[in-house]
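This is input_3.cif (mmCIF, C-alpha atoms).
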data_work
#
loop_
_atom_site.label_atom_id
_atom_site.label_comp_id
_atom_site.auth_asym_id
_atom_site.auth_seq_id
_atom_site.Cartn_x
_atom_site.Cartn_y
_atom_site.Cartn_z
CA MET A 1 0.00 0.00 0.00
CA ALA A 2 1.33 3.43 -0.89
CA LYS A 3 2.24 5.70 1.98
CA ARG A 4 -0.47 8.29 2.40
CA ALA A 5 -0.16 11.88 3.47
CA PRO A 6 -1.75 12.60 6.86
CA VAL A 7 -5.46 13.33 6.70
CA GLY A 8 -5.11 16.98 7.57
CA SER A 9 -2.09 17.66 5.40
CA ASP A 10 -2.07 20.03 2.49
CA ALA A 11 0.29 17.94 0.42
CA GLU A 12 -2.10 15.32 -0.91
CA ALA A 13 -0.56 13.37 -3.74
CA GLY A 14 -1.73 14.20 -7.18
CA ALA A 15 -2.42 17.91 -7.14
CA PRO A 16 -1.45 18.49 -10.75
CA ARG A 17 -1.51 22.26 -10.83
CA GLY A 18 -2.82 25.34 -9.10
CA ALA A 19 -1.54 26.87 -5.89
CA PRO A 20 1.74 25.45 -4.62
CA ALA A 21 1.60 22.87 -1.86
CA SER A 22 3.16 25.42 0.48
CA VAL A 23 -0.12 27.34 0.45
CA PRO A 24 -1.99 25.82 3.38
CA ASP A 25 -5.53 24.53 3.14
CA ALA A 26 -6.53 26.99 5.86
CA TRP A 27 -5.59 29.93 3.65
CA LEU A 28 -7.60 28.50 0.76
CA VAL A 29 -10.55 27.94 3.10
CA GLY A 30 -10.40 31.60 4.05
CA ARG A 31 -10.40 32.58 0.39
CA VAL A 32 -13.41 30.36 -0.29
CA ARG A 33 -15.26 32.01 2.58
CA ALA A 34 -14.62 35.31 0.82
CA GLY A 35 -16.19 33.88 -2.34
CA ASP A 36 -13.08 32.84 -4.25
CA ALA A 37 -14.04 30.00 -6.62
CA GLU A 38 -10.44 29.48 -7.72
CA ALA A 39 -9.45 28.70 -4.14
CA TYR A 40 -12.15 26.07 -3.96
CA GLY A 41 -10.94 24.66 -7.24
CA GLU A 42 -7.53 24.22 -5.69
CA LEU A 43 -9.01 22.46 -2.64
CA VAL A 44 -10.91 20.13 -4.98
CA ARG A 45 -7.71 19.43 -6.92
CA ARG A 46 -5.81 18.61 -3.75
CA HIS A 47 -8.36 16.28 -2.22
CA MET A 48 -10.36 14.72 -5.03
CA ARG A 49 -8.06 11.72 -5.48
CA ARG A 50 -8.13 10.77 -1.84
CA ALA A 51 -11.86 11.42 -1.75
CA PHE A 52 -12.31 9.13 -4.75
CA SER A 53 -10.17 6.46 -3.15
CA ILE A 54 -12.28 6.54 0.02
CA ALA A 55 -15.53 6.42 -1.94
CA TYR A 56 -14.21 3.57 -4.07
CA ARG A 57 -13.23 1.50 -1.02
CA ILE A 58 -16.81 1.73 0.17
CA LEU A 59 -18.56 1.35 -3.18
CA GLU A 60 -16.09 -0.72 -5.25
CA HIS A 61 -17.45 0.87 -8.39
CA ARG A 62 -15.64 3.60 -10.31
CA GLU A 63 -18.57 5.53 -11.77
CA ASP A 64 -20.49 5.40 -8.51
CA ALA A 65 -17.43 6.64 -6.63
CA GLU A 66 -16.99 9.50 -9.12
CA ASP A 67 -20.65 10.49 -8.71
CA VAL A 68 -20.30 10.45 -4.94
CA VAL A 69 -17.12 12.55 -5.02
CA GLN A 70 -18.67 15.10 -7.36
CA GLU A 71 -21.78 15.36 -5.20
CA ALA A 72 -19.70 15.53 -2.02
CA PHE A 73 -17.61 18.47 -3.26
CA VAL A 74 -20.73 20.32 -4.39
CA ARG A 75 -22.43 19.71 -1.05
CA ALA A 76 -19.30 20.74 0.81
CA LEU A 77 -19.30 24.08 -0.98
CA GLU A 78 -23.00 24.57 -0.30
CA ARG A 79 -22.41 23.91 3.39
CA PHE A 80 -19.05 25.62 3.63
CA ASP A 81 -20.18 27.82 6.50
CA THR A 82 -20.57 24.68 8.65
CA LEU A 83 -16.81 24.16 8.55
CA GLU A 84 -15.84 25.68 11.87
CA PRO A 85 -13.04 28.24 11.70
CA GLY A 86 -9.74 26.66 12.61
CA ARG A 87 -10.87 23.12 11.79
CA PRO A 88 -8.91 21.33 9.05
CA PHE A 89 -10.64 20.97 5.70
CA ALA A 90 -9.64 17.39 4.85
CA PRO A 91 -11.34 15.38 7.63
CA TRP A 92 -14.48 17.50 7.27
CA MET A 93 -14.48 16.88 3.53
CA TYR A 94 -13.82 13.15 3.88
CA ARG A 95 -16.67 12.83 6.33
CA ILE A 96 -19.01 14.20 3.68
CA VAL A 97 -17.54 11.70 1.20
CA VAL A 98 -17.93 8.75 3.60
CA ASN A 99 -21.52 9.68 4.45
CA GLY A 100 -22.32 10.17 0.78
CA ALA A 101 -20.80 6.82 -0.15
CA LEU A 102 -22.62 4.98 2.62
CA ASN A 103 -25.94 6.54 1.60
CA TYR A 104 -25.23 5.71 -2.02
CA ARG A 105 -24.45 2.11 -1.16
CA ARG A 106 -27.66 1.76 0.86
CA ALA A 107 -29.66 3.12 -2.06
CA ARG A 108 -27.77 0.93 -4.51
CA SER A 109 -28.34 -2.21 -2.49
CA VAL A 110 -32.04 -1.58 -2.94
CA ARG A 111 -31.71 -0.90 -6.69
CA ARG A 112 -29.22 -3.59 -7.64
CA THR A 113 -29.26 -7.29 -7.04
CA GLU A 114 -26.19 -8.45 -8.95
CA PRO A 115 -23.14 -9.24 -6.80
CA ILE A 116 -20.13 -6.96 -6.58
CA PRO A 117 -17.54 -8.02 -9.16
CA GLU A 118 -14.89 -10.38 -7.89
CA ASP A 119 -11.48 -9.06 -7.09
CA THR A 120 -9.15 -8.98 -10.06
CA ARG A 121 -6.09 -7.79 -8.20
CA SER A 122 -3.34 -10.35 -7.66
CA GLY A 123 -1.91 -9.71 -4.21
CA ASP A 124 1.66 -10.85 -3.84
CA ALA A 125 1.04 -11.63 -0.19
CA ALA A 126 -1.84 -13.97 -0.88
CA PRO A 127 -1.35 -17.71 -0.65
CA ASP A 128 0.09 -19.29 -3.74
CA GLY A 129 -2.37 -20.52 -6.30
CA ALA A 130 -5.40 -18.97 -7.87
CA ALA A 131 -7.78 -21.27 -6.06
CA GLU A 132 -6.44 -20.32 -2.63
CA ARG A 133 -6.49 -16.65 -3.53
CA ALA A 134 -10.04 -16.90 -4.71
CA GLU A 135 -11.04 -18.74 -1.55
CA LEU A 136 -9.33 -16.15 0.64
CA SER A 137 -11.02 -13.31 -1.22
CA ARG A 138 -14.38 -15.00 -1.00
CA ARG A 139 -14.09 -15.63 2.73
CA LEU A 140 -12.81 -12.14 3.37
CA ARG A 141 -15.59 -10.55 1.35
CA ASP A 142 -18.17 -12.64 3.19
CA ALA A 143 -16.63 -11.71 6.54
CA MET A 144 -16.46 -8.03 5.61
CA ALA A 145 -20.05 -8.11 4.39
CA GLY A 146 -21.07 -9.62 7.72
CA LEU A 147 -19.51 -6.80 9.74
CA PRO A 148 -21.72 -4.02 11.05
CA GLU A 149 -21.56 -1.03 8.70
CA ARG A 150 -19.58 1.11 11.11
CA GLN A 151 -16.95 -1.57 11.69
CA ARG A 152 -16.68 -2.25 7.99
CA THR A 153 -16.16 1.44 7.26
CA ILE A 154 -13.53 1.69 9.98
CA VAL A 155 -11.67 -1.31 8.54
CA GLN A 156 -11.82 0.19 5.05
CA LEU A 157 -10.46 3.52 6.23
CA ALA A 158 -7.82 2.15 8.60
CA GLU A 159 -6.62 -1.02 6.90
CA LEU A 160 -7.14 -0.17 3.25
CA GLU A 161 -6.78 3.62 3.16
CA GLY A 162 -4.10 3.69 5.83
CA PHE A 163 -5.66 6.30 8.11
CA SER A 164 -4.62 6.16 11.76
CA SER A 165 -7.32 5.46 14.34
CA ALA A 166 -7.22 9.13 15.36
CA GLU A 167 -7.77 10.20 11.75
CA VAL A 168 -10.61 7.72 11.31
CA ALA A 169 -12.13 9.06 14.51
CA GLU A 170 -11.98 12.61 13.16
CA ILE A 171 -13.50 11.61 9.82
CA LEU A 172 -16.34 9.61 11.36
CA GLY A 173 -16.95 11.95 14.28
CA LEU A 174 -16.20 9.26 16.86
CA SER A 175 -13.79 9.09 19.76
CA ASP A 176 -10.42 7.49 19.20
CA GLY A 177 -11.24 4.84 21.79
CA THR A 178 -14.47 3.92 20.02
CA VAL A 179 -12.65 3.54 16.72
CA ARG A 180 -9.98 1.34 18.29
CA TRP A 181 -12.59 -0.82 19.94
CA HIS A 182 -14.49 -1.30 16.67
CA LEU A 183 -11.23 -2.00 14.86
CA HIS A 184 -10.28 -4.60 17.44
CA GLN A 185 -13.69 -6.28 17.18
CA ALA A 186 -13.61 -6.25 13.39
CA ARG A 187 -10.12 -7.70 13.23
CA ARG A 188 -11.08 -10.46 15.59
CA THR A 189 -14.12 -11.32 13.49
CA LEU A 190 -12.09 -11.29 10.27
CA ARG A 191 -9.28 -13.34 11.79
CA GLU A 192 -11.73 -15.95 12.97
CA ALA A 193 -13.20 -16.16 9.49
CA LEU A 194 -9.79 -16.45 7.88
CA ALA A 195 -7.94 -18.36 10.57
CA PRO A 196 -7.20 -21.51 8.55
CA LEU A 197 -5.94 -19.62 5.51
CA LEU A 198 -3.90 -17.13 7.55
CA GLU A 199 -2.24 -20.00 9.41
CA GLU A 200 -1.13 -21.43 6.08
CA ASP A 201 0.15 -18.00 5.05
CA ARG A 202 2.53 -17.68 8.03
CA MET B 1 -1.09 0.81 20.72
CA ASN B 2 -3.05 -1.56 18.52
CA ASP B 3 -2.64 -4.11 15.79
CA GLU B 4 -1.46 -1.45 13.37
CA ARG B 5 1.80 -1.33 15.24
CA ARG B 6 2.55 -5.05 15.10
CA GLY B 7 5.61 -6.15 13.24
CA PRO B 8 5.69 -7.99 9.93
CA GLY B 9 4.60 -11.58 9.97
CA THR B 10 2.11 -11.19 12.79
CA SER B 11 -1.53 -12.02 12.29
CA GLY B 12 -2.40 -8.29 12.19
CA ASP B 13 -0.03 -7.73 9.32
CA ALA B 14 -1.21 -10.86 7.53
CA LEU B 15 -4.79 -9.73 7.93
CA ARG B 16 -3.99 -6.36 6.40
CA ARG B 17 -2.19 -7.97 3.49
CA ALA B 18 -5.10 -10.32 2.96
CA LEU B 19 -7.53 -7.41 3.01
CA LEU B 20 -5.46 -5.48 0.49
CA ALA B 21 -5.15 -8.52 -1.72
CA ALA B 22 -8.88 -9.14 -1.63
CA SER B 23 -9.89 -5.53 -2.24
CA PRO B 24 -9.71 -3.97 -5.67
CA GLU B 25 -7.28 -1.06 -5.77
CA PRO B 26 -9.00 2.27 -6.57
CA PRO B 27 -8.53 2.79 -10.33
CA LEU B 28 -6.99 6.24 -10.04
CA ASP B 29 -5.60 6.09 -13.57
CA ALA B 30 -9.01 5.39 -15.05
CA VAL B 31 -10.58 8.60 -13.76
CA ASP B 32 -10.65 11.72 -15.89
CA TRP B 33 -9.64 14.11 -13.13
CA ASP B 34 -9.95 17.26 -15.23
CA ALA B 35 -13.50 16.31 -16.18
CA LEU B 36 -14.43 15.52 -12.57
CA HIS B 37 -12.88 18.79 -11.41
CA GLY B 38 -14.72 20.62 -14.18
CA ARG B 39 -18.08 19.10 -13.22
CA VAL B 40 -17.65 20.24 -9.62
CA MET B 41 -16.43 23.70 -10.54
CA ALA B 42 -19.21 24.22 -13.10
CA GLN B 43 -21.58 24.50 -10.14
CA ALA B 44 -19.26 26.51 -7.90
CA PRO B 45 -20.02 30.07 -9.15
CA LYS B 46 -23.76 29.63 -8.67
CA ILE B 47 -23.29 28.21 -5.17
CA LEU B 48 -20.83 30.93 -4.17
CA ALA B 49 -23.19 33.60 -5.55
CA ARG B 50 -26.03 32.19 -3.44
CA SER B 51 -23.76 32.15 -0.39
CA ALA B 52 -22.70 35.73 -1.08
CA ALA B 53 -26.34 36.82 -1.35
CA ARG B 54 -27.12 35.06 1.91
CA ARG B 55 -24.10 36.71 3.52
CA ALA B 56 -25.13 40.10 2.17
CA TRP B 57 -28.57 39.74 3.71
CA TRP B 58 -27.03 38.80 7.03
CA ASP B 59 -24.57 41.66 6.80
CA VAL B 60 -27.43 44.13 6.33
CA ALA B 61 -29.36 42.59 9.19
CA ALA B 62 -26.27 42.61 11.39
CA ALA B 63 -25.51 46.24 10.49
CA TRP B 64 -29.05 47.28 11.35
CA ALA B 65 -28.90 45.28 14.55
CA ALA B 66 -25.59 46.89 15.43
CA ARG B 67 -27.10 50.34 14.99
CA GLY B 68 -30.60 49.51 16.16
CA ILE B 69 -29.74 48.01 19.51
CA PRO B 70 -27.88 51.08 20.89
CA VAL B 71 -30.50 53.43 19.42
CA THR B 72 -33.30 51.43 21.02
CA ALA B 73 -31.49 51.31 24.34
CA ALA B 74 -30.82 55.06 24.25
CA SER B 75 -34.47 55.78 23.34
CA ALA B 76 -35.71 53.60 26.17
CA ALA B 77 -33.42 55.34 28.64
CA ALA B 78 -34.53 58.77 27.42
CA ALA B 79 -38.19 57.80 27.64
CA ALA B 80 -37.70 56.55 31.17
CA VAL B 81 -36.07 59.83 32.22
CA LEU B 82 -38.83 61.91 30.58
CA LEU B 83 -41.53 59.82 32.20
CA ALA B 84 -39.84 60.17 35.55
CA LEU B 85 -39.58 63.94 35.17
CA ALA B 86 -43.08 64.41 33.74
CA GLY B 87 -44.57 62.12 36.36
CA ALA B 88 -43.20 64.03 39.37
CA PRO B 89 -46.25 65.43 41.33
CA THR B 90 -46.50 69.23 41.48
CA ALA B 91 -48.01 71.12 44.45
CA ALA B 92 -51.13 72.12 42.44
CA TRP B 93 -51.65 68.55 41.26
CA LEU B 94 -51.33 67.27 44.83
CA ALA B 95 -53.94 69.75 46.06
CA GLU B 96 -56.37 68.76 43.34
CA TYR B 97 -55.72 65.08 44.02
CA GLU B 98 -56.48 65.49 47.69
CA THR B 99 -59.78 67.24 46.91
CA ILE B 100 -60.82 64.50 44.56
CA ALA B 101 -59.67 61.81 46.90
CA LEU B 102 -61.74 63.23 49.71
CA LEU B 103 -64.94 63.43 47.64
CA PRO B 104 -66.09 59.81 47.96
CA THR B 105 -65.63 59.91 51.70
CA THR B 106 -67.79 63.06 51.95
CA MET B 107 -70.53 61.62 49.81
CA GLU B 108 -70.57 58.35 51.73
CA THR B 109 -70.84 60.24 55.00
CA GLU B 110 -73.77 62.33 53.75
CA LEU B 111 -75.61 59.34 52.35
CA ALA B 112 -75.12 57.43 55.56
CA ALA B 113 -76.53 60.39 57.53
CA ASP B 114 -79.60 60.60 55.25
CA ALA B 115 -80.19 56.87 55.57
CA ALA B 116 -79.96 57.01 59.33
CA MET B 117 -82.46 59.90 59.42
CA LEU B 118 -84.91 58.01 57.20
CA ILE B 119 -84.62 54.77 59.19
CA GLY B 120 -84.81 56.63 62.48
CA ASN B 121 -88.06 58.41 61.44
CA GLU B 122 -89.73 55.06 60.58
CA ILE B 123 -91.00 56.38 57.28
CA GLY B 124 -93.79 54.74 55.37
CA ASP B 125 -93.65 53.04 51.97
CA ASP B 126 -94.87 56.09 50.08
CA GLU B 127 -92.28 58.30 51.67
CA LEU B 128 -89.56 55.78 50.97
CA ALA B 129 -90.60 55.55 47.31
CA TRP B 130 -90.63 59.33 47.06
CA ALA B 131 -87.22 59.53 48.67
CA LEU B 132 -85.82 56.99 46.21
CA LEU B 133 -87.24 58.96 43.28
CA VAL B 134 -85.67 62.11 44.63
CA TYR B 135 -82.39 60.25 45.09
CA GLU B 136 -82.46 58.96 41.53
CA GLY B 137 -83.33 62.40 40.14
CA GLU B 138 -86.85 61.49 39.07
CA GLU B 139 -88.69 63.60 41.49
CA PRO B 140 -92.34 63.76 40.35
#
Just give me the structure as structure tokens.
Amino acid sequence: MAKRAPVGSDAEAGAPRGAPASVPDAWLVGRVRAGDAEAYGELVRRHMRRAFSIAYRILEHREDAEDVVQEAFVRALERFDTLEPGRPFAPWMYRIVVNGALNYRRARSVRRTEPIPEDTRSGDAAPDGAAERAELSRRLRDAMAGLPERQRTIVQLAELEGFSSAEVAEILGLSDGTVRWHLHQARRTLREALAPLLEEDR
Amino acid sequence: MNDERRGPGTSGDALRRALLAASPEPPLDAVDWDALHGRVMAQAPKILARSAARRAWWDVAAAWAARGIPVTAASAAAAAVLLALAGAPTAAWLAEYETIALLPTTMETELAADAAMLIGNEIGDDELAWALLVYEGEEP
């Protein structure tokens, strides 16, 4: 997994142009409050990739994730005055993305009945052999699907997106302790589901 | 702290690797970032204009409130002072008040005296009726 910039940082990977990374998010936020659309454009540029990544982890569908990200950035601008002065932009933005993705998935689960496409990624850490990999993926997907929504989201943000428990807590509006507890519970559940395969992997 | 901090080869690390292997990587290269950015920013001017209009309305309201509250407070204070000064009783007013205040007492005393005289004289029904008519101003 690629090393991620901290959730509140201004130096998100993949800001192709616009204001230099040395210009802090807080300054851009101030400009947006004054009605500067260009400043918001720069914030979008800085955070849209990470926002997409988060939405994709939850939705596992590119177009859906793009729709959610687009809607999230529009909603964020509409509700910009709810971003408290002094609070970092990124966790606030990612919370809107997470909530949007979760709502989208709930709506989609009503609309769609076909299963989520199987994983096509070949993990180098997976057990040797396509059959074992497929079995591991299937068990893991089943175990993840069986987790309560909150625990599943925490696992996706912490284990897959690489956020620390404190960052997850800030994004989800929970206490750090609550996030750690959910993470512990989720890991235990997943380990139990995968125990035989993980033993072979060691 | 938690499982995140475990070393390589532990079950926490294996679990993470298994999760990553089982989860499709976000297809960052497949997204048209300029188009996505453009779709968001196409709506930005309208939203910012609405926000500015809302802010302008609040600014006007706040400006009026900023001026209105001291003016109202000053007016209230001035009115209280004027009422206090205008309401102070003068000597002439006090004299008139005392005269008026004494009137009911005088009338009650006179009526009581008349009643006592009538009862004391054991007047008849005709006399009582006549007295009532006189009292009510309908003297025949």
### Proximal residues of chain B relative to chain A (all atoms listed in the file; 6 Å) as a list in words
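The answer, sorted by residue number, is Arg16, Ala21, Ala22, Pro24, Pro26, Val40 and Leu48 of chain B.
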### Query
atom CA of Val60 of chain B and atom CA of Pro85 of chain A, how far apart in Å?
22.1 Å
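Separating atom CA of Pro91 of chain A from atom CA of Glu167 of chain A is a distance of 7.5 Å.
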### Query
How far is it from atom CA of Pro89 of chain B to atom CA of Ala73 of chain B, in Å with one decimal?
26.6 Å
Residues picked by the PyMOL selection byres ((chain A and resi 95-97) around 7) here, as an mmCIF file with C-alpha atoms, keeping the file's coordinate frame?
data_model
loop_
_atom_site.group_PDB
_atom_site.id
_atom_site.type_symbol
_atom_site.label_atom_id
_atom_site.label_comp_id
_atom_site.auth_asym_id
_atom_site.auth_seq_id
_atom_site.Cartn_x
_atom_site.Cartn_y
_atom_site.Cartn_z
ATOM 1 C CA ALA A 51 -11.860 11.420 -1.750
ATOM 2 C CA ALA A 55 -15.530 6.420 -1.940
ATOM 3 C CA VAL A 68 -20.300 10.450 -4.940
ATOM 4 C CA VAL A 69 -17.120 12.550 -5.020
ATOM 5 C CA ALA A 72 -19.700 15.530 -2.020
ATOM 6 C CA PRO A 91 -11.340 15.380 7.630
ATOM 7 C CA TRP A 92 -14.480 17.500 7.270
ATOM 8 C CA MET A 93 -14.480 16.880 3.530
ATOM 9 C CA TYR A 94 -13.820 13.150 3.880
ATOM 10 C CA VAL A 98 -17.930 8.750 3.600
ATOM 11 C CA ASN A 99 -21.520 9.680 4.450
ATOM 12 C CA GLY A 100 -22.320 10.170 0.780
ATOM 13 C CA ALA A 101 -20.800 6.820 -0.150
ATOM 14 C CA ILE A 171 -13.500 11.610 9.820
ATOM 15 C CA LEU A 172 -16.340 9.610 11.360
#
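The shortest atom-to-atom distance to Asp176 of chain A, with all atoms listed in the file taken into account, belongs to A:Ile154 out of A:Ala131, A:Ala143, A:Ile154, A:Leu28.
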### Task
Can you work out which one of A:Trp27, A:Arg150, A:Phe163, A:Gly177 has the shortest atom-to-atom distance to Leu102 of chain A, counting only C-alpha atoms?
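For Leu102 of chain A, the nearest of the candidates is A:Arg150.
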